[in-house]
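Here's entry_7.cif, which has mmCIF, C-alpha atoms:
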data_run
loop_
_atom_site.group_PDB
_atom_site.id
_atom_site.type_symbol
_atom_site.label_atom_id
_atom_site.label_comp_id
_atom_site.auth_asym_id
_atom_site.auth_seq_id
_atom_site.Cartn_x
_atom_site.Cartn_y
_atom_site.Cartn_z
ATOM 1 C CA MET L 910 -57.247 14.799 -175.204
ATOM 2 C CA ARG L 911 -60.607 15.239 -176.907
ATOM 3 C CA ARG L 912 -60.435 16.193 -180.560
ATOM 4 C CA GLY L 913 -60.635 19.941 -180.907
ATOM 5 C CA THR L 914 -59.620 20.695 -177.323
ATOM 6 C CA LEU L 915 -56.211 22.028 -178.382
ATOM 7 C CA ASP L 916 -57.923 24.423 -180.811
ATOM 8 C CA ASP L 917 -60.289 25.531 -178.044
ATOM 9 C CA LEU L 918 -57.379 26.101 -175.657
ATOM 10 C CA ALA L 919 -55.640 28.225 -178.285
ATOM 11 C CA ALA L 920 -58.907 30.139 -178.752
ATOM 12 C CA PHE L 921 -59.171 30.740 -175.000
ATOM 13 C CA ALA L 922 -55.553 31.940 -174.901
ATOM 14 C CA ALA L 923 -56.256 34.437 -177.703
ATOM 15 C CA VAL L 924 -59.271 35.888 -175.899
ATOM 16 C CA ALA L 925 -57.420 36.030 -172.570
ATOM 17 C CA ARG L 926 -54.460 37.796 -174.190
ATOM 18 C CA THR L 927 -56.441 40.338 -176.252
ATOM 19 C CA ARG L 928 -59.256 40.785 -173.690
ATOM 20 C CA SER L 929 -61.649 40.882 -176.633
ATOM 21 C CA PHE L 930 -63.733 38.290 -178.502
ATOM 22 C CA THR L 931 -63.757 40.555 -181.565
ATOM 23 C CA ARG L 932 -59.966 40.977 -181.751
ATOM 24 C CA ALA L 933 -59.320 37.321 -180.943
ATOM 25 C CA ALA L 934 -61.807 36.179 -183.575
ATOM 26 C CA ALA L 935 -60.131 38.341 -186.214
ATOM 27 C CA GLU L 936 -56.744 36.953 -185.218
ATOM 28 C CA LEU L 937 -57.977 33.363 -185.424
ATOM 29 C CA GLY L 938 -60.070 33.795 -188.564
ATOM 30 C CA LEU L 939 -63.335 32.929 -186.808
ATOM 31 C CA SER L 940 -66.614 34.725 -186.251
ATOM 32 C CA PRO L 941 -67.115 36.105 -182.715
ATOM 33 C CA SER L 942 -70.143 33.852 -182.249
ATOM 34 C CA ALA L 943 -68.178 30.726 -183.241
ATOM 35 C CA LEU L 944 -65.397 31.731 -180.877
ATOM 36 C CA SER L 945 -67.828 32.321 -178.028
ATOM 37 C CA HIS L 946 -69.414 28.911 -178.686
ATOM 38 C CA ALA L 947 -65.989 27.233 -178.563
ATOM 39 C CA ILE L 948 -65.129 28.893 -175.239
ATOM 40 C CA ARG L 949 -68.469 27.894 -173.705
ATOM 41 C CA GLY L 950 -67.893 24.312 -174.816
ATOM 42 C CA LEU L 951 -64.412 24.306 -173.291
ATOM 43 C CA GLU L 952 -65.716 25.684 -169.992
ATOM 44 C CA GLU L 953 -68.453 23.044 -169.908
ATOM 45 C CA ARG L 954 -65.980 20.217 -170.526
ATOM 46 C CA LEU L 955 -63.587 21.516 -167.875
ATOM 47 C CA GLY L 956 -66.376 22.304 -165.420
ATOM 48 C CA VAL L 957 -64.999 25.744 -164.552
ATOM 49 C CA ARG L 958 -65.570 29.307 -165.688
ATOM 50 C CA LEU L 959 -62.464 30.607 -167.488
ATOM 51 C CA LEU L 960 -63.598 34.061 -168.608
ATOM 52 C CA ALA L 961 -65.592 36.741 -166.827
ATOM 53 C CA ARG L 962 -67.791 38.507 -169.384
ATOM 54 C CA THR L 963 -69.680 41.782 -169.208
ATOM 55 C CA THR L 964 -71.323 43.789 -171.973
ATOM 56 C CA ARG L 965 -68.166 45.907 -172.233
ATOM 57 C CA SER L 966 -65.237 43.705 -171.269
ATOM 58 C CA VAL L 967 -63.878 40.202 -170.949
ATOM 59 C CA ALA L 968 -61.088 39.050 -168.645
ATOM 60 C CA PRO L 969 -59.769 35.733 -167.306
ATOM 61 C CA THR L 970 -61.160 34.487 -164.007
ATOM 62 C CA PRO L 971 -58.640 33.318 -161.369
ATOM 63 C CA ALA L 972 -58.978 29.810 -162.842
ATOM 64 C CA GLY L 973 -58.464 31.238 -166.318
ATOM 65 C CA GLU L 974 -55.354 33.134 -165.183
ATOM 66 C CA ARG L 975 -53.898 29.929 -163.788
ATOM 67 C CA LEU L 976 -54.645 28.042 -167.009
ATOM 68 C CA MET L 977 -53.136 30.887 -169.061
ATOM 69 C CA ARG L 978 -49.874 30.683 -167.116
ATOM 70 C CA SER L 979 -49.622 27.011 -168.060
ATOM 71 C CA LEU L 980 -50.747 27.455 -171.642
ATOM 72 C CA ALA L 981 -48.578 30.405 -172.720
ATOM 73 C CA PRO L 982 -45.188 28.634 -172.750
ATOM 74 C CA ALA L 983 -46.689 25.430 -174.209
ATOM 75 C CA LEU L 984 -48.390 27.281 -177.067
ATOM 76 C CA ALA L 985 -45.223 29.271 -177.694
ATOM 77 C CA GLU L 986 -43.241 26.038 -178.041
ATOM 78 C CA ILE L 987 -45.834 24.625 -180.443
ATOM 79 C CA GLU L 988 -45.681 27.765 -182.593
ATOM 80 C CA CYS L 989 -41.898 27.632 -182.516
ATOM 81 C CA GLY L 990 -41.938 24.015 -183.656
ATOM 82 C CA LEU L 991 -44.344 24.761 -186.487
ATOM 83 C CA ALA L 992 -42.355 27.781 -187.610
ATOM 84 C CA ALA L 993 -39.164 25.711 -187.583
ATOM 85 C CA LEU L 994 -40.611 23.614 -190.404
ATOM 86 C CA ALA L 995 -39.556 26.484 -192.641
ATOM 87 C CA ASP L 996 -36.087 24.907 -192.559
ATOM 88 C CA TRP L 997 -37.504 22.266 -194.902
ATOM 89 C CA ARG L 998 -39.234 24.788 -197.145
ATOM 90 C CA GLY L 999 -36.015 26.525 -198.074
ATOM 91 C CA ALA L 1000 -36.844 30.095 -196.967
ATOM 92 C CA PRO L 1001 -37.865 31.895 -193.733
ATOM 93 C CA SER L 1002 -41.607 32.332 -193.405
ATOM 94 C CA GLY L 1003 -44.312 32.869 -190.844
ATOM 95 C CA ALA L 1004 -45.157 35.634 -188.378
ATOM 96 C CA LEU L 1005 -42.908 37.430 -185.895
ATOM 97 C CA ARG L 1006 -44.095 39.546 -182.957
ATOM 98 C CA LEU L 1007 -41.576 41.971 -181.444
ATOM 99 C CA THR L 1008 -41.724 44.272 -178.436
ATOM 100 C CA THR L 1009 -39.385 47.228 -178.105
ATOM 101 C CA PHE L 1010 -39.259 50.876 -177.053
ATOM 102 C CA SER L 1011 -39.139 54.056 -179.111
ATOM 103 C CA SER L 1012 -35.372 54.644 -179.106
ATOM 104 C CA ALA L 1013 -34.609 51.071 -180.188
ATOM 105 C CA ALA L 1014 -37.349 51.184 -182.826
ATOM 106 C CA ARG L 1015 -35.803 54.326 -184.285
ATOM 107 C CA ARG L 1016 -32.156 53.266 -184.037
ATOM 108 C CA VAL L 1017 -32.394 49.547 -184.819
ATOM 109 C CA LEU L 1018 -35.613 48.794 -186.693
ATOM 110 C CA ASP L 1019 -36.013 51.946 -188.805
ATOM 111 C CA PRO L 1020 -32.828 51.318 -190.838
ATOM 112 C CA ALA L 1021 -33.094 47.506 -191.004
ATOM 113 C CA LEU L 1022 -36.733 46.398 -191.027
ATOM 114 C CA PRO L 1023 -37.844 47.713 -194.458
ATOM 115 C CA ARG L 1024 -34.963 45.882 -196.186
ATOM 116 C CA PHE L 1025 -35.739 42.742 -194.183
ATOM 117 C CA LEU L 1026 -39.372 42.784 -195.323
ATOM 118 C CA LEU L 1027 -38.344 43.211 -198.954
ATOM 119 C CA ASP L 1028 -35.821 40.360 -198.700
ATOM 120 C CA HIS L 1029 -38.264 37.999 -196.934
ATOM 121 C CA PRO L 1030 -41.755 38.406 -198.443
ATOM 122 C CA ALA L 1031 -43.029 35.259 -196.683
ATOM 123 C CA VAL L 1032 -42.374 36.749 -193.231
ATOM 124 C CA SER L 1033 -44.846 39.119 -191.554
ATOM 125 C CA VAL L 1034 -43.761 41.266 -188.617
ATOM 126 C CA GLU L 1035 -45.777 42.935 -185.851
ATOM 127 C CA VAL L 1036 -43.904 45.501 -183.737
ATOM 128 C CA VAL L 1037 -45.324 46.809 -180.456
ATOM 129 C CA VAL L 1038 -43.517 49.911 -179.153
ATOM 130 C CA ASP L 1039 -43.893 50.163 -175.377
ATOM 131 C CA ASP L 1040 -41.749 51.433 -172.479
ATOM 132 C CA ARG L 1041 -42.831 48.546 -170.250
ATOM 133 C CA LEU L 1042 -40.521 45.573 -169.699
ATOM 134 C CA THR L 1043 -42.961 43.069 -171.162
ATOM 135 C CA ASP L 1044 -42.906 39.375 -170.245
ATOM 136 C CA ILE L 1045 -42.441 38.163 -173.812
ATOM 137 C CA VAL L 1046 -43.398 34.577 -172.971
ATOM 138 C CA ALA L 1047 -46.692 35.481 -171.287
ATOM 139 C CA ALA L 1048 -47.508 38.083 -173.955
ATOM 140 C CA ARG L 1049 -46.545 35.649 -176.738
ATOM 141 C CA PHE L 1050 -43.875 37.790 -178.346
ATOM 142 C CA ASP L 1051 -41.159 36.025 -180.312
ATOM 143 C CA ALA L 1052 -38.483 38.487 -179.251
ATOM 144 C CA GLY L 1053 -37.799 41.879 -177.737
ATOM 145 C CA ILE L 1054 -35.233 44.629 -178.202
ATOM 146 C CA ARG L 1055 -34.098 46.453 -175.049
ATOM 147 C CA PHE L 1056 -30.988 47.781 -173.352
ATOM 148 C CA GLY L 1057 -28.744 44.901 -172.332
ATOM 149 C CA GLU L 1058 -28.933 45.645 -168.599
ATOM 150 C CA THR L 1059 -32.723 45.128 -168.577
ATOM 151 C CA VAL L 1060 -32.720 41.699 -170.274
ATOM 152 C CA GLU L 1061 -33.511 38.754 -167.992
ATOM 153 C CA ARG L 1062 -30.645 36.311 -167.528
ATOM 154 C CA ASP L 1063 -32.663 33.297 -168.677
ATOM 155 C CA MET L 1064 -33.120 34.863 -172.125
ATOM 156 C CA VAL L 1065 -30.931 34.318 -175.165
ATOM 157 C CA ALA L 1066 -29.524 37.801 -175.838
ATOM 158 C CA VAL L 1067 -27.809 39.032 -178.997
ATOM 159 C CA ARG L 1068 -25.889 42.315 -178.888
ATOM 160 C CA LEU L 1069 -26.992 44.651 -181.676
ATOM 161 C CA GLY L 1070 -24.543 47.492 -181.190
ATOM 162 C CA PRO L 1071 -21.961 49.146 -178.941
ATOM 163 C CA ASP L 1072 -22.364 50.433 -175.395
ATOM 164 C CA LEU L 1073 -24.367 53.638 -175.026
ATOM 165 C CA ARG L 1074 -24.313 56.579 -172.644
ATOM 166 C CA THR L 1075 -26.934 58.977 -171.332
ATOM 167 C CA VAL L 1076 -25.748 62.559 -170.837
ATOM 168 C CA VAL L 1077 -27.038 65.780 -169.282
ATOM 169 C CA VAL L 1078 -27.187 68.752 -171.655
ATOM 170 C CA GLY L 1079 -28.457 72.313 -171.852
ATOM 171 C CA THR L 1080 -28.086 75.256 -174.198
ATOM 172 C CA PRO L 1081 -25.411 77.939 -173.746
ATOM 173 C CA ALA L 1082 -28.253 80.424 -173.205
ATOM 174 C CA TYR L 1083 -29.619 78.305 -170.333
ATOM 175 C CA PHE L 1084 -26.246 78.374 -168.605
ATOM 176 C CA THR L 1085 -26.015 82.166 -168.835
ATOM 177 C CA HIS L 1086 -28.788 82.237 -166.221
ATOM 178 C CA HIS L 1087 -27.987 79.055 -164.268
ATOM 179 C CA PRO L 1088 -24.712 77.715 -162.830
ATOM 180 C CA ARG L 1089 -23.446 74.457 -164.239
ATOM 181 C CA PRO L 1090 -24.149 71.526 -161.890
ATOM 182 C CA GLU L 1091 -21.003 70.002 -160.399
ATOM 183 C CA THR L 1092 -22.685 66.928 -158.894
ATOM 184 C CA PRO L 1093 -26.008 65.145 -159.569
ATOM 185 C CA ALA L 1094 -27.359 66.608 -156.325
ATOM 186 C CA ASP L 1095 -27.043 70.097 -157.843
ATOM 187 C CA LEU L 1096 -29.792 69.195 -160.341
ATOM 188 C CA GLU L 1097 -32.387 69.886 -157.635
ATOM 189 C CA ALA L 1098 -31.834 73.612 -158.279
ATOM 190 C CA HIS L 1099 -32.337 73.283 -162.044
ATOM 191 C CA ASN L 1100 -35.296 73.253 -164.410
ATOM 192 C CA CYS L 1101 -35.104 69.703 -165.803
ATOM 193 C CA VAL L 1102 -37.211 68.093 -168.511
ATOM 194 C CA ASN L 1103 -38.738 64.867 -167.184
ATOM 195 C CA TYR L 1104 -39.705 61.845 -169.252
ATOM 196 C CA ARG L 1105 -42.750 59.844 -168.146
ATOM 197 C CA LEU L 1106 -42.683 56.140 -168.962
ATOM 198 C CA VAL L 1107 -45.667 55.311 -171.144
ATOM 199 C CA GLY L 1108 -46.366 51.857 -169.749
ATOM 200 C CA GLY L 1109 -45.680 52.118 -166.042
ATOM 201 C CA GLY L 1110 -46.585 55.790 -165.681
ATOM 202 C CA GLY L 1111 -43.545 56.640 -163.513
ATOM 203 C CA LEU L 1112 -40.865 59.218 -164.234
ATOM 204 C CA LEU L 1113 -37.577 58.067 -165.716
ATOM 205 C CA PRO L 1114 -34.915 58.495 -163.022
ATOM 206 C CA TRP L 1115 -31.649 60.204 -163.941
ATOM 207 C CA GLU L 1116 -28.936 57.651 -163.156
ATOM 208 C CA PHE L 1117 -25.270 58.436 -162.534
ATOM 209 C CA SER L 1118 -22.132 56.598 -161.488
ATOM 210 C CA ARG L 1119 -18.604 57.631 -160.533
ATOM 211 C CA ASN L 1120 -15.825 55.784 -158.707
ATOM 212 C CA GLY L 1121 -18.184 52.981 -157.774
ATOM 213 C CA GLN L 1122 -20.815 55.354 -156.426
ATOM 214 C CA ASP L 1123 -24.236 54.992 -158.074
ATOM 215 C CA MET L 1124 -26.928 57.665 -157.812
ATOM 216 C CA ARG L 1125 -30.554 57.834 -158.959
ATOM 217 C CA VAL L 1126 -31.860 61.407 -158.953
ATOM 218 C CA ARG L 1127 -35.482 62.493 -159.172
ATOM 219 C CA VAL L 1128 -35.483 65.869 -160.868
ATOM 220 C CA GLY L 1129 -38.126 68.560 -161.201
ATOM 221 C CA GLY L 1130 -39.024 71.123 -163.807
ATOM 222 C CA GLN L 1131 -41.697 72.757 -165.888
ATOM 223 C CA LEU L 1132 -42.097 70.042 -168.516
ATOM 224 C CA THR L 1133 -42.926 66.363 -168.216
ATOM 225 C CA ALA L 1134 -43.570 64.453 -171.443
ATOM 226 C CA ASN L 1135 -43.676 60.900 -172.727
ATOM 227 C CA ASP L 1136 -42.365 61.825 -176.165
ATOM 228 C CA ALA L 1137 -38.606 61.997 -176.710
ATOM 229 C CA ALA L 1138 -38.904 64.365 -179.673
ATOM 230 C CA LEU L 1139 -40.955 66.880 -177.681
ATOM 231 C CA SER L 1140 -38.573 66.662 -174.726
ATOM 232 C CA GLY L 1141 -35.586 67.153 -177.022
ATOM 233 C CA ALA L 1142 -37.192 70.193 -178.658
ATOM 234 C CA ALA L 1143 -37.694 71.815 -175.254
ATOM 235 C CA VAL L 1144 -34.075 71.203 -174.271
ATOM 236 C CA ARG L 1145 -32.741 72.545 -177.582
ATOM 237 C CA ALA L 1146 -34.886 75.668 -177.126
ATOM 238 C CA GLY L 1147 -33.248 76.348 -173.754
ATOM 239 C CA ALA L 1148 -36.322 75.529 -171.649
ATOM 240 C CA GLY L 1149 -34.389 73.218 -169.327
ATOM 241 C CA LEU L 1150 -31.767 70.540 -168.901
ATOM 242 C CA GLY L 1151 -32.234 67.200 -170.652
ATOM 243 C CA TYR L 1152 -31.167 63.648 -169.878
ATOM 244 C CA MET L 1153 -30.660 62.221 -173.353
ATOM 245 C CA LEU L 1154 -28.851 59.486 -175.235
ATOM 246 C CA GLU L 1155 -25.450 60.787 -176.278
ATOM 247 C CA ASP L 1156 -25.992 59.528 -179.838
ATOM 248 C CA ASP L 1157 -29.039 61.809 -180.136
ATOM 249 C CA VAL L 1158 -27.165 64.990 -179.168
ATOM 250 C CA VAL L 1159 -23.557 64.375 -180.243
ATOM 251 C CA ASP L 1160 -23.946 66.636 -183.295
ATOM 252 C CA ASP L 1161 -25.577 69.386 -181.206
ATOM 253 C CA ILE L 1162 -22.685 69.252 -178.742
ATOM 254 C CA ALA L 1163 -20.074 69.309 -181.507
ATOM 255 C CA ALA L 1164 -21.774 72.337 -183.097
ATOM 256 C CA GLY L 1165 -21.963 74.191 -179.776
ATOM 257 C CA HIS L 1166 -25.773 74.219 -179.728
ATOM 258 C CA LEU L 1167 -25.800 72.136 -176.525
ATOM 259 C CA VAL L 1168 -23.360 71.964 -173.612
ATOM 260 C CA GLN L 1169 -22.713 68.708 -171.782
ATOM 261 C CA VAL L 1170 -22.371 68.757 -167.994
ATOM 262 C CA LEU L 1171 -21.679 66.142 -165.284
ATOM 263 C CA THR L 1172 -19.539 64.338 -167.872
ATOM 264 C CA ASP L 1173 -17.550 62.273 -165.364
ATOM 265 C CA TRP L 1174 -20.816 61.061 -163.773
ATOM 266 C CA CYS L 1175 -22.215 59.684 -167.050
ATOM 267 C CA THR L 1176 -20.831 56.191 -167.688
ATOM 268 C CA PRO L 1177 -21.509 53.715 -170.532
ATOM 269 C CA PHE L 1178 -24.069 50.927 -170.223
ATOM 270 C CA PRO L 1179 -24.875 47.889 -172.424
ATOM 271 C CA GLY L 1180 -26.565 49.017 -175.619
ATOM 272 C CA TYR L 1181 -29.378 47.474 -177.644
ATOM 273 C CA HIS L 1182 -29.854 43.700 -177.436
ATOM 274 C CA LEU L 1183 -32.375 41.446 -179.162
ATOM 275 C CA TYR L 1184 -33.533 38.702 -176.803
ATOM 276 C CA HIS L 1185 -35.762 35.661 -177.078
ATOM 277 C CA PRO L 1186 -36.661 32.702 -174.804
ATOM 278 C CA SER L 1187 -35.715 29.692 -176.948
ATOM 279 C CA ARG L 1188 -32.239 28.548 -177.888
ATOM 280 C CA GLN L 1189 -33.770 27.146 -181.093
ATOM 281 C CA ALA L 1190 -34.810 30.325 -182.872
ATOM 282 C CA THR L 1191 -37.085 29.978 -185.886
ATOM 283 C CA PRO L 1192 -35.593 30.613 -189.331
ATOM 284 C CA ALA L 1193 -37.562 33.849 -189.580
ATOM 285 C CA LEU L 1194 -36.182 35.077 -186.260
ATOM 286 C CA ARG L 1195 -32.643 34.053 -187.190
ATOM 287 C CA ALA L 1196 -32.988 36.012 -190.435
ATOM 288 C CA LEU L 1197 -34.205 39.070 -188.515
ATOM 289 C CA ILE L 1198 -31.301 38.811 -186.073
ATOM 290 C CA ASP L 1199 -28.889 38.748 -189.016
ATOM 291 C CA ALA L 1200 -30.595 41.838 -190.444
ATOM 292 C CA VAL L 1201 -30.424 43.981 -187.301
ATOM 293 C CA ARG L 1202 -27.159 42.769 -185.744
ATOM 294 C CA TRP L 1203 -24.789 45.682 -185.198
ATOM 295 C CA VAL L 1204 -27.020 48.015 -187.187
ATOM 296 C CA GLY L 1205 -26.448 50.589 -184.464
ATOM 297 C CA ALA L 1206 -22.665 50.256 -184.546
#
Let's see the structure in the file written out as structure tokens.
Amino acid sequence: MRRGTLDDLAAFAAVARTRSFTRAAAELGLSPSALSHAIRGLEERLGVRLLARTTRSVAPTPAGERLMRSLAPALAEIECGLAALADWRGAPSGALRLTTFSSAARRVLDPALPRFLLDHPAVSVEVVVDDRLTDIVAARFDAGIRFGETVERDMVAVRLGPDLRTVVVGTPAYFTHHPRPETPADLEAHNCVNYRLVGGGGLLPWEFSRNGQDMRVRVGGQLTANDAALSGAAVRAGAGLGYMLEDDVVDDIAAGHLVQVLTDWCTPFPGYHLYHPSRQATPALRALIDAVRWVGA
């Protein structure tokens, strides 16, 4: 391999991932012009166009997409190997990139991450909060935090807390004007607060299970939002029924502010898990796992 080609491949991967010469240059510590020159040189040596450029955007060509699929896991392994050298430096160090969603960020990272940063000043952490089930290898994340049932089987998964449950709730005032649903199908006659997934754009289905029978219900209502706090405020004000994590409403139910319905249809599911692709986690990642393990228990 020609000297410098590995650096140029890493530069190409950064541009392809960020879809921006400016952002990639800042990430790599280069000027945009130097980065552009490196990419042009790589394309000339390979004899193929890797990036399609316009005045407003940049994106991989089909050849670039194919190269990116080959490069992503190889570059991830190189970064993992370099980060593992921290074992010989005596303390975790380096950068960690995490993907998660809002509930896990609030329940797992909010209580644990500040202390982790104070305890490990040589480790930097980037957290991307997104509803989408991101391919952490292709997107070059070190790890993700999701519900256990959504983690791919080829990932190394670490349980961070107990099983969870999603419940259907409404205010006592709401039920003075509406009958309590007896089955999930009865929700069609109710004003339900929908949650729109930020990444994919679809509505979160309300899922139920009883005696081996699974149901996914698409509900309707006045409000659709992609913010859990806004949705919760509407439910607590009596504007409709909500489909919410039991942990978020257990105090409201105990105080009588909210009433739970369809209880026997709402079953537990695997709670928060941290997952990563390599069985040889870096010292920084191992330290983070230790910091967040069972924080939600």
TODO: List the neighbours of Asp1095 in chain L out to 12 Å using all atoms listed in the file; skip same-chain residues closer than 4 positions along the sequence, and give me the result as a ChimeraX atom specification.
DONE: /L:1087-1091,1099-1101,1126-1129,1170-1171
Task: Interatomic distance, CA of Leu1069 in chain L to CA of Val1201 in chain L (Å, one decimal) - done: 6.6 Å
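Here CA of Ser979 in chain L is placed at a distance of 25.6 Å from CA of Ala1193 in chain L.
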Open item on the list: When the PyMOL selection byres ((chain L and resi 1071) around 7) is applied to the structure above, which residues does it catch, written out as a ChimeraX atom specification?
Closed with: /L:1070,1072-1073,1180,1206
Find the smallest box with edges along x, y and z containing every listed atom of range 1072-1085 of chain L, then add 6 Å on each side and report centre and edge lengths in Å to one decimal, as lines of an AutoDock Vina configuration file.
center_x = -26.0
center_y = 66.3
center_z = -172.0
size_x = 19.3
size_y = 43.7
size_z = 18.8
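Shortest separation to Val1065 in chain L among L:Ala985, L:Leu1154, L:Leu1022, L:Ile1198 occurs at residue L:Ile1198, atoms counted being all atoms listed in the file.
Residue membership of the PyMOL selection byres ((chain L and resi 1130) around 12) in the shown file amounts to Leu1096, Glu1097, Ala1098, His1099, Asn1100, Cys1101, Val1102, Asn1103, Tyr1104, Arg1127, Val1128, Gly1129, Gln1131, Leu1132, Thr1133, Ala1134, Ser1140, Ala1143, Val1144, Ala1148, Gly1149, Leu1150 and Gly1151 of chain L.
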Task: range 1034-1049 of chain L environment, 6 Å, all atoms listed in the file, sequence neighbours closer than 2 positions dropped, as a list of chain:residue names - done: L:Ala981, L:Ala1004, L:Leu1005, L:Arg1006, L:Leu1007, L:Thr1008, L:Thr1009, L:Phe1010, L:Leu1106, L:Val1107, L:Gly1108
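Atom pair CA of Ser1033 in chain L / CA of Gly1003 in chain L has a distance of 6.3 Å (rounded to one decimal).
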Open item on the list: Using the chain letters and numbers from this file, what does the PyMOL selection byres ((chain L and resi 924) around 10) select? Give the answer as a ChimeraX atom specification.
Closed with: /L:918-923,925-934,936-937,944-945,948,960,967-969
List the spatial neighbours of Met1064 in chain L as a PDB file with C-alpha atoms, in the coordinates of the input - criterion: any atom at most 10 Å away, all atoms listed in the file, same-chain residues fewer than 6 positions off excluded.
ATOM      1  CA  ALA L1052     -38.483  38.487-179.251  1.00  0.00           C
ATOM      2  CA  LEU L1183     -32.375  41.446-179.162  1.00  0.00           C
ATOM      3  CA  TYR L1184     -33.533  38.702-176.803  1.00  0.00           C
ATOM      4  CA  HIS L1185     -35.762  35.661-177.078  1.00  0.00           C
ATOM      5  CA  PRO L1186     -36.661  32.702-174.804  1.00  0.00           C
ATOM      6  CA  SER L1187     -35.715  29.692-176.948  1.00  0.00           C
ATOM      7  CA  ARG L1188     -32.239  28.548-177.888  1.00  0.00           C
TER       8      ARG L1188
END
Open item on the list: Using all atoms listed in the file for the distances, tell me which of L:Gly1141, L:Gly1121, L:Gly1053, L:Gly938 is nearest to Val1077 in chain L.
Closed with: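 That would be L:Gly1141, the residue with the smallest distance to Val1077 in chain L.
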TODO: Determine the nearest neighbour of Tyr1181 in chain L from the options L:Ile1054, L:Ala1196, L:Leu1113, L:Ala1138, counting only C-alpha atoms.
DONE: L:Ile1054
Reconstructed N, CA and C atoms for range 1011-1026 of chain L, given as a JSON list (two decimals), in the frame of the given file:
[["chain", "number", "residue", "atom", "x", "y", "z"],
["L", 1011, "SER", "N", -39.23, 53.12, -177.99],
["L", 1011, "SER", "CA", -39.14, 54.06, -179.11],
["L", 1011, "SER", "C", -37.71, 54.27, -179.60],
["L", 1012, "SER", "N", -36.75, 54.40, -178.69],
["L", 1012, "SER", "CA", -35.37, 54.64, -179.11],
["L", 1012, "SER", "C", -34.83, 53.48, -179.91],
["L", 1013, "ALA", "N", -35.09, 52.25, -179.46],
["L", 1013, "ALA", "CA", -34.61, 51.07, -180.19],
["L", 1013, "ALA", "C", -35.33, 50.93, -181.52],
["L", 1014, "ALA", "N", -36.62, 51.25, -181.56],
["L", 1014, "ALA", "CA", -37.35, 51.18, -182.83],
["L", 1014, "ALA", "C", -36.73, 52.14, -183.84],
["L", 1015, "ARG", "N", -36.37, 53.33, -183.38],
["L", 1015, "ARG", "CA", -35.80, 54.33, -184.28],
["L", 1015, "ARG", "C", -34.38, 53.96, -184.71],
["L", 1016, "ARG", "N", -33.56, 53.51, -183.76],
["L", 1016, "ARG", "CA", -32.16, 53.27, -184.04],
["L", 1016, "ARG", "C", -31.89, 51.92, -184.70],
["L", 1017, "VAL", "N", -32.67, 50.91, -184.34],
["L", 1017, "VAL", "CA", -32.39, 49.55, -184.82],
["L", 1017, "VAL", "C", -33.33, 49.13, -185.94],
["L", 1018, "LEU", "N", -34.65, 49.31, -185.73],
["L", 1018, "LEU", "CA", -35.61, 48.79, -186.69],
["L", 1018, "LEU", "C", -35.81, 49.72, -187.89],
["L", 1019, "ASP", "N", -35.80, 51.02, -187.68],
["L", 1019, "ASP", "CA", -36.01, 51.95, -188.80],
["L", 1019, "ASP", "C", -35.04, 51.68, -189.97],
["L", 1020, "PRO", "N", -33.74, 51.52, -189.71],
["L", 1020, "PRO", "CA", -32.83, 51.32, -190.84],
["L", 1020, "PRO", "C", -32.81, 49.90, -191.39],
["L", 1021, "ALA", "N", -33.27, 48.91, -190.59],
["L", 1021, "ALA", "CA", -33.09, 47.51, -191.00],
["L", 1021, "ALA", "C", -34.38, 46.81, -191.42],
["L", 1022, "LEU", "N", -35.51, 47.17, -190.81],
["L", 1022, "LEU", "CA", -36.73, 46.40, -191.03],
["L", 1022, "LEU", "C", -37.28, 46.49, -192.46],
["L", 1023, "PRO", "N", -37.32, 47.67, -193.08],
["L", 1023, "PRO", "CA", -37.84, 47.71, -194.46],
["L", 1023, "PRO", "C", -37.09, 46.78, -195.41],
["L", 1024, "ARG", "N", -35.76, 46.76, -195.32],
["L", 1024, "ARG", "CA", -34.96, 45.88, -196.19],
["L", 1024, "ARG", "C", -35.25, 44.42, -195.87],
["L", 1025, "PHE", "N", -35.42, 44.11, -194.58],
["L", 1025, "PHE", "CA", -35.74, 42.74, -194.18],
["L", 1025, "PHE", "C", -37.06, 42.29, -194.80],
["L", 1026, "LEU", "N", -38.07, 43.14, -194.76],
["L", 1026, "LEU", "CA", -39.37, 42.78, -195.32],
["L", 1026, "LEU", "C", -39.29, 42.56, -196.83]]
